[in-house]
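Shown below: structure28.txt, with compact mmCIF, N, CA and C atoms.
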# COMPACT_ATOMS: atom_id res chain seq x y z
N MET B 1 29.39 -45.52 -12.35
CA MET B 1 28.64 -44.39 -11.88
C MET B 1 29.50 -43.13 -11.90
N VAL B 2 30.78 -43.27 -11.56
CA VAL B 2 31.68 -42.13 -11.59
C VAL B 2 31.79 -41.58 -13.00
N LEU B 3 31.77 -42.43 -14.01
CA LEU B 3 31.85 -41.98 -15.39
C LEU B 3 30.62 -41.17 -15.78
N LYS B 4 29.45 -41.58 -15.33
CA LYS B 4 28.23 -40.84 -15.64
C LYS B 4 28.27 -39.44 -15.04
N MET B 5 28.76 -39.31 -13.82
CA MET B 5 28.83 -38.01 -13.16
C MET B 5 29.82 -37.11 -13.88
N LYS B 6 30.94 -37.67 -14.34
CA LYS B 6 31.94 -36.88 -15.04
C LYS B 6 31.38 -36.32 -16.34
N ARG B 7 30.48 -37.04 -16.99
CA ARG B 7 29.88 -36.53 -18.23
C ARG B 7 28.96 -35.35 -17.95
N HIS B 8 28.35 -35.31 -16.80
CA HIS B 8 27.40 -34.25 -16.48
C HIS B 8 28.09 -32.98 -15.96
N ILE B 9 29.29 -33.09 -15.48
CA ILE B 9 30.00 -31.93 -14.94
C ILE B 9 30.15 -30.83 -15.98
N PRO B 10 30.57 -31.10 -17.22
CA PRO B 10 30.68 -30.01 -18.19
C PRO B 10 29.31 -29.35 -18.46
N ILE B 11 28.26 -30.13 -18.47
CA ILE B 11 26.92 -29.57 -18.71
C ILE B 11 26.53 -28.65 -17.56
N VAL B 12 26.76 -29.09 -16.33
CA VAL B 12 26.43 -28.28 -15.16
C VAL B 12 27.27 -27.01 -15.14
N LEU B 13 28.57 -27.13 -15.42
CA LEU B 13 29.43 -25.95 -15.45
C LEU B 13 28.99 -24.97 -16.53
N CYS B 14 28.58 -25.48 -17.66
CA CYS B 14 28.11 -24.63 -18.75
C CYS B 14 26.84 -23.88 -18.32
N MET B 15 25.94 -24.57 -17.64
CA MET B 15 24.70 -23.94 -17.17
C MET B 15 24.99 -22.84 -16.15
N ILE B 16 25.95 -23.10 -15.26
CA ILE B 16 26.34 -22.09 -14.26
C ILE B 16 26.95 -20.88 -14.96
N PHE B 17 27.81 -21.13 -15.94
CA PHE B 17 28.44 -20.04 -16.68
C PHE B 17 27.39 -19.17 -17.37
N ILE B 18 26.43 -19.80 -18.04
CA ILE B 18 25.37 -19.06 -18.75
C ILE B 18 24.54 -18.25 -17.76
N ALA B 19 24.21 -18.84 -16.63
CA ALA B 19 23.41 -18.14 -15.62
C ALA B 19 24.16 -16.93 -15.09
N ASN B 20 25.45 -17.09 -14.79
CA ASN B 20 26.26 -15.97 -14.29
C ASN B 20 26.42 -14.88 -15.35
N ALA B 21 26.61 -15.27 -16.58
CA ALA B 21 26.76 -14.29 -17.67
C ALA B 21 25.48 -13.47 -17.81
N ALA B 22 24.35 -14.10 -17.67
CA ALA B 22 23.08 -13.38 -17.76
C ALA B 22 22.93 -12.38 -16.62
N LEU B 23 23.39 -12.74 -15.43
CA LEU B 23 23.29 -11.84 -14.28
C LEU B 23 24.23 -10.65 -14.41
N VAL B 24 25.40 -10.85 -15.01
CA VAL B 24 26.38 -9.77 -15.16
C VAL B 24 25.82 -8.67 -16.05
N ASP B 25 25.07 -9.03 -17.09
CA ASP B 25 24.54 -8.04 -18.02
C ASP B 25 23.36 -7.26 -17.46
N GLN B 26 22.77 -7.72 -16.39
CA GLN B 26 21.61 -7.03 -15.84
C GLN B 26 22.06 -5.82 -15.04
N LYS B 27 21.32 -4.74 -15.18
CA LYS B 27 21.58 -3.53 -14.42
C LYS B 27 20.58 -3.48 -13.27
N PRO B 28 20.99 -2.92 -12.14
CA PRO B 28 20.05 -2.87 -11.02
C PRO B 28 18.86 -2.00 -11.37
N VAL B 29 17.72 -2.42 -10.92
CA VAL B 29 16.49 -1.68 -11.19
C VAL B 29 16.16 -0.87 -9.94
N HIS B 30 16.02 0.42 -10.12
CA HIS B 30 15.68 1.31 -9.01
C HIS B 30 14.27 1.82 -9.22
N ALA B 31 13.51 1.80 -8.16
CA ALA B 31 12.14 2.33 -8.24
C ALA B 31 12.23 3.85 -8.39
N GLN B 32 11.47 4.37 -9.32
CA GLN B 32 11.45 5.81 -9.50
C GLN B 32 10.51 6.41 -8.46
N GLN B 33 10.99 7.46 -7.82
CA GLN B 33 10.15 8.12 -6.85
C GLN B 33 9.26 9.10 -7.59
N GLU B 34 7.99 9.01 -7.30
CA GLU B 34 7.03 9.90 -7.93
C GLU B 34 7.00 11.20 -7.15
N ILE B 35 7.01 12.31 -7.86
CA ILE B 35 6.94 13.62 -7.21
C ILE B 35 5.50 13.86 -6.81
N PRO B 36 5.26 14.12 -5.51
CA PRO B 36 3.88 14.34 -5.07
C PRO B 36 3.29 15.60 -5.68
N SER B 37 1.98 15.60 -5.84
CA SER B 37 1.29 16.73 -6.48
C SER B 37 1.43 18.02 -5.66
N TYR B 38 1.67 17.90 -4.37
CA TYR B 38 1.78 19.09 -3.51
C TYR B 38 3.21 19.62 -3.41
N ALA B 39 4.15 19.03 -4.12
CA ALA B 39 5.57 19.38 -3.98
C ALA B 39 5.83 20.87 -4.21
N LYS B 40 5.25 21.42 -5.28
CA LYS B 40 5.53 22.84 -5.56
C LYS B 40 4.94 23.73 -4.49
N TRP B 41 3.78 23.32 -3.92
CA TRP B 41 3.17 24.13 -2.86
C TRP B 41 3.97 23.98 -1.57
N GLY B 42 4.53 22.82 -1.33
CA GLY B 42 5.38 22.61 -0.16
C GLY B 42 6.63 23.47 -0.22
N SER B 43 7.22 23.55 -1.40
CA SER B 43 8.40 24.41 -1.58
C SER B 43 8.05 25.87 -1.33
N LEU B 44 6.88 26.27 -1.81
CA LEU B 44 6.44 27.65 -1.60
C LEU B 44 6.18 27.90 -0.12
N ALA B 45 5.57 26.93 0.57
CA ALA B 45 5.30 27.07 2.01
C ALA B 45 6.60 27.27 2.78
N VAL B 46 7.61 26.48 2.45
CA VAL B 46 8.92 26.59 3.12
C VAL B 46 9.55 27.94 2.80
N LYS B 47 9.53 28.34 1.55
CA LYS B 47 10.14 29.62 1.13
C LYS B 47 9.49 30.80 1.84
N LYS B 48 8.17 30.84 1.83
CA LYS B 48 7.45 31.97 2.44
C LYS B 48 7.59 31.97 3.96
N THR B 49 7.69 30.77 4.55
CA THR B 49 7.89 30.69 6.00
C THR B 49 9.27 31.22 6.37
N LYS B 50 10.28 30.90 5.56
CA LYS B 50 11.63 31.43 5.79
C LYS B 50 11.64 32.95 5.68
N GLU B 51 10.86 33.48 4.74
CA GLU B 51 10.79 34.94 4.59
C GLU B 51 10.10 35.59 5.79
N LYS B 52 9.04 34.96 6.28
CA LYS B 52 8.28 35.51 7.41
C LYS B 52 9.04 35.36 8.73
N TYR B 53 9.80 34.27 8.87
CA TYR B 53 10.57 34.00 10.09
C TYR B 53 12.04 33.80 9.72
N PRO B 54 12.73 34.87 9.31
CA PRO B 54 14.10 34.72 8.78
C PRO B 54 15.13 34.24 9.81
N ASP B 55 14.87 34.47 11.08
CA ASP B 55 15.85 34.07 12.10
C ASP B 55 15.57 32.69 12.69
N ALA B 56 14.50 32.05 12.24
CA ALA B 56 14.14 30.73 12.77
C ALA B 56 14.59 29.63 11.81
N ALA B 57 14.90 28.49 12.37
CA ALA B 57 15.26 27.31 11.57
C ALA B 57 14.03 26.42 11.45
N ILE B 58 13.77 25.93 10.25
CA ILE B 58 12.69 24.98 10.04
C ILE B 58 13.25 23.60 10.36
N VAL B 59 12.66 22.95 11.36
CA VAL B 59 13.19 21.66 11.80
C VAL B 59 12.30 20.49 11.41
N ASP B 60 11.08 20.77 10.98
CA ASP B 60 10.20 19.68 10.55
C ASP B 60 9.15 20.23 9.58
N TYR B 61 8.60 19.31 8.78
CA TYR B 61 7.67 19.68 7.72
C TYR B 61 6.64 18.58 7.59
N LEU B 62 5.36 18.96 7.47
CA LEU B 62 4.30 17.98 7.31
C LEU B 62 3.28 18.49 6.31
N HIS B 63 2.94 17.66 5.34
CA HIS B 63 1.83 17.97 4.44
C HIS B 63 0.58 17.41 5.10
N ILE B 64 -0.33 18.28 5.48
CA ILE B 64 -1.55 17.85 6.17
C ILE B 64 -2.56 17.29 5.17
N GLY B 65 -2.69 17.98 4.04
CA GLY B 65 -3.63 17.50 3.04
C GLY B 65 -4.11 18.63 2.15
N LYS B 66 -5.04 18.26 1.29
CA LYS B 66 -5.57 19.21 0.31
C LYS B 66 -7.09 19.26 0.44
N GLU B 67 -7.61 20.47 0.40
CA GLU B 67 -9.05 20.67 0.34
C GLU B 67 -9.36 21.07 -1.10
N ASN B 68 -10.05 20.19 -1.82
CA ASN B 68 -10.39 20.46 -3.21
C ASN B 68 -11.71 21.21 -3.29
N GLY B 69 -11.69 22.31 -4.00
CA GLY B 69 -12.90 23.07 -4.26
C GLY B 69 -13.11 23.19 -5.75
N SER B 70 -14.31 23.50 -6.16
CA SER B 70 -14.57 23.61 -7.59
C SER B 70 -13.83 24.81 -8.19
N LYS B 71 -13.70 25.89 -7.41
CA LYS B 71 -13.00 27.08 -7.92
C LYS B 71 -11.70 27.34 -7.17
N VAL B 72 -11.71 27.12 -5.85
CA VAL B 72 -10.53 27.39 -5.03
C VAL B 72 -10.17 26.14 -4.23
N SER B 73 -8.89 25.78 -4.26
CA SER B 73 -8.38 24.65 -3.47
C SER B 73 -7.35 25.17 -2.49
N THR B 74 -7.11 24.38 -1.43
CA THR B 74 -6.15 24.76 -0.41
C THR B 74 -5.25 23.59 -0.07
N GLU B 75 -3.95 23.82 -0.13
CA GLU B 75 -2.97 22.85 0.34
C GLU B 75 -2.59 23.29 1.75
N LYS B 76 -2.56 22.33 2.69
CA LYS B 76 -2.29 22.65 4.09
C LYS B 76 -1.01 21.97 4.55
N PHE B 77 -0.18 22.74 5.24
CA PHE B 77 1.10 22.26 5.75
C PHE B 77 1.28 22.70 7.19
N LYS B 78 2.12 21.96 7.91
CA LYS B 78 2.55 22.38 9.24
C LYS B 78 4.06 22.31 9.27
N LEU B 79 4.68 23.42 9.61
CA LEU B 79 6.13 23.49 9.74
C LEU B 79 6.46 23.73 11.20
N TRP B 80 7.51 23.07 11.66
CA TRP B 80 7.96 23.24 13.04
C TRP B 80 9.25 24.06 13.00
N LEU B 81 9.26 25.17 13.75
CA LEU B 81 10.38 26.10 13.73
C LEU B 81 11.06 26.18 15.08
N LYS B 82 12.33 26.56 15.05
CA LYS B 82 13.10 26.75 16.27
C LYS B 82 13.83 28.09 16.17
N HIS B 83 13.63 28.90 17.20
CA HIS B 83 14.31 30.20 17.25
C HIS B 83 14.83 30.39 18.67
N GLY B 84 16.15 30.39 18.79
CA GLY B 84 16.74 30.45 20.12
C GLY B 84 16.35 29.20 20.89
N GLY B 85 15.78 29.36 22.07
CA GLY B 85 15.34 28.22 22.86
C GLY B 85 13.88 27.90 22.66
N LYS B 86 13.22 28.64 21.79
CA LYS B 86 11.78 28.46 21.59
C LYS B 86 11.49 27.63 20.34
N GLU B 87 10.56 26.69 20.48
CA GLU B 87 10.08 25.93 19.33
C GLU B 87 8.58 26.17 19.20
N PHE B 88 8.14 26.25 17.95
CA PHE B 88 6.71 26.49 17.70
C PHE B 88 6.35 26.00 16.31
N GLY B 89 5.07 25.77 16.14
CA GLY B 89 4.57 25.32 14.84
C GLY B 89 3.92 26.46 14.08
N VAL B 90 3.90 26.33 12.79
CA VAL B 90 3.23 27.28 11.92
C VAL B 90 2.41 26.49 10.90
N PHE B 91 1.11 26.69 10.94
CA PHE B 91 0.25 26.13 9.91
C PHE B 91 0.29 27.07 8.71
N VAL B 92 0.50 26.51 7.54
CA VAL B 92 0.55 27.31 6.31
C VAL B 92 -0.53 26.78 5.37
N ASP B 93 -1.49 27.64 5.07
CA ASP B 93 -2.56 27.29 4.14
C ASP B 93 -2.35 28.08 2.85
N ILE B 94 -2.22 27.37 1.74
CA ILE B 94 -1.99 28.01 0.45
C ILE B 94 -3.23 27.82 -0.40
N GLN B 95 -3.90 28.94 -0.70
CA GLN B 95 -5.09 28.90 -1.54
C GLN B 95 -4.71 29.24 -2.97
N PHE B 96 -5.33 28.49 -3.91
CA PHE B 96 -5.05 28.73 -5.32
C PHE B 96 -6.28 28.34 -6.15
N GLU B 97 -6.33 28.89 -7.36
CA GLU B 97 -7.41 28.54 -8.27
C GLU B 97 -7.27 27.07 -8.66
N SER B 98 -8.35 26.33 -8.53
CA SER B 98 -8.32 24.89 -8.78
C SER B 98 -7.92 24.56 -10.22
N GLU B 99 -8.45 25.29 -11.17
CA GLU B 99 -8.21 24.96 -12.57
C GLU B 99 -6.85 25.42 -13.07
N THR B 100 -6.46 26.65 -12.73
CA THR B 100 -5.22 27.22 -13.27
C THR B 100 -4.03 27.10 -12.31
N GLU B 101 -4.30 26.77 -11.04
CA GLU B 101 -3.30 26.73 -9.98
C GLU B 101 -2.63 28.08 -9.75
N LYS B 102 -3.35 29.15 -10.06
CA LYS B 102 -2.85 30.50 -9.79
C LYS B 102 -2.98 30.78 -8.30
N LEU B 103 -1.89 31.25 -7.68
CA LEU B 103 -1.87 31.54 -6.26
C LEU B 103 -2.87 32.64 -5.92
N ILE B 104 -3.64 32.41 -4.86
CA ILE B 104 -4.59 33.41 -4.38
C ILE B 104 -4.10 34.03 -3.07
N ASP B 105 -3.76 33.17 -2.09
CA ASP B 105 -3.40 33.69 -0.78
C ASP B 105 -2.60 32.65 0.02
N ILE B 106 -1.79 33.13 0.95
CA ILE B 106 -1.07 32.27 1.87
C ILE B 106 -1.37 32.79 3.29
N LYS B 107 -1.83 31.86 4.15
CA LYS B 107 -2.15 32.23 5.54
C LYS B 107 -1.23 31.46 6.49
N PHE B 108 -0.73 32.18 7.50
CA PHE B 108 0.14 31.59 8.51
C PHE B 108 -0.58 31.64 9.86
N THR B 109 -0.57 30.54 10.59
CA THR B 109 -1.16 30.50 11.92
C THR B 109 -0.16 29.79 12.85
N GLU B 110 0.30 30.52 13.86
CA GLU B 110 1.26 29.94 14.82
C GLU B 110 0.53 29.06 15.82
N THR B 111 1.23 28.03 16.28
CA THR B 111 0.70 27.14 17.30
C THR B 111 1.85 26.67 18.20
N ASP B 112 1.51 26.34 19.44
CA ASP B 112 2.55 25.83 20.33
C ASP B 112 2.58 24.30 20.33
N ARG B 113 1.73 23.69 19.51
CA ARG B 113 1.67 22.23 19.41
C ARG B 113 1.94 21.77 18.02

What's the structure tokens form of this structure?
Amino acid sequence: MVLKMKRHIPIVLCMIFIANAALVDQKPVHAQQEIPSYAKWGSLAVKKTKEKYPDAAIVDYLHIGKENGSKVSTEKFKLWLKHGGKEFGVFVDIQFESETEKLIDIKFTETDR
């Protein structure tokens, strides 16, 4: 019985070697993050909020959602700002032409919540 096991050892070692060699050649697979459709509008919301409130720090950001219209659509965001000891929220609504995505208007509404 010992002789039979000794004959199988080279086969098992060969199988382990082949399996390890195959693993060495593999590169890790990373999931690609998809850029959300609202990303450019979010960047604009942050930029324009910084311009409107230059002395405040933006401490949080939320994409609320999109209102799709046949001619005009609106991306809605809420940014949380801190200035001195005061914290407050700013709703930012960005209106644009649905088909061309040409900017129409940006509205800011402050909130304490």

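Checking B:Ser37, B:Ser98, B:Thr49, B:Ser43 one by one against Trp80 in chain B, counting only C-alpha atoms, you find the shortest gap at B:Thr49.
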
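Non-sequential neighbours of Glu97 in chain B (distance at most 9 Å, separation of 5 or more positions within a chain, only C-alpha atoms) are Gly69, Ser70, Lys71, Val72, Ser73, Thr74, Lys102, Leu103 and Ile104 of chain B.
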
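Of the residues listed (B:Phe88, B:Asp93, B:Leu81, B:Lys40), B:Leu81 shows the shortest atom-to-atom separation from Asp60 in chain B; distances use only N, CA and C atoms.
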
Self-check item: Coordinates-based distance that separates atom N of Gln33 in chain B from atom N of Glu51 in chain B (Å, one decimal)
Solution: 28.9 Å

Quiz item: To one decimal place, how far is atom C of Thr111 in chain B from CA of Trp41 in chain B in Å?
Solution: 21.3 Å

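Minimum atom-to-atom distance to Gln95 in chain B, evaluated using all atoms listed in the file, belongs to B:Glu75 out of B:Arg113, B:Glu75, B:Pro54, B:Ala39.
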
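In this structure, CA of Asp55 in chain B sits 6.6 Å away from CA of His83 in chain B.
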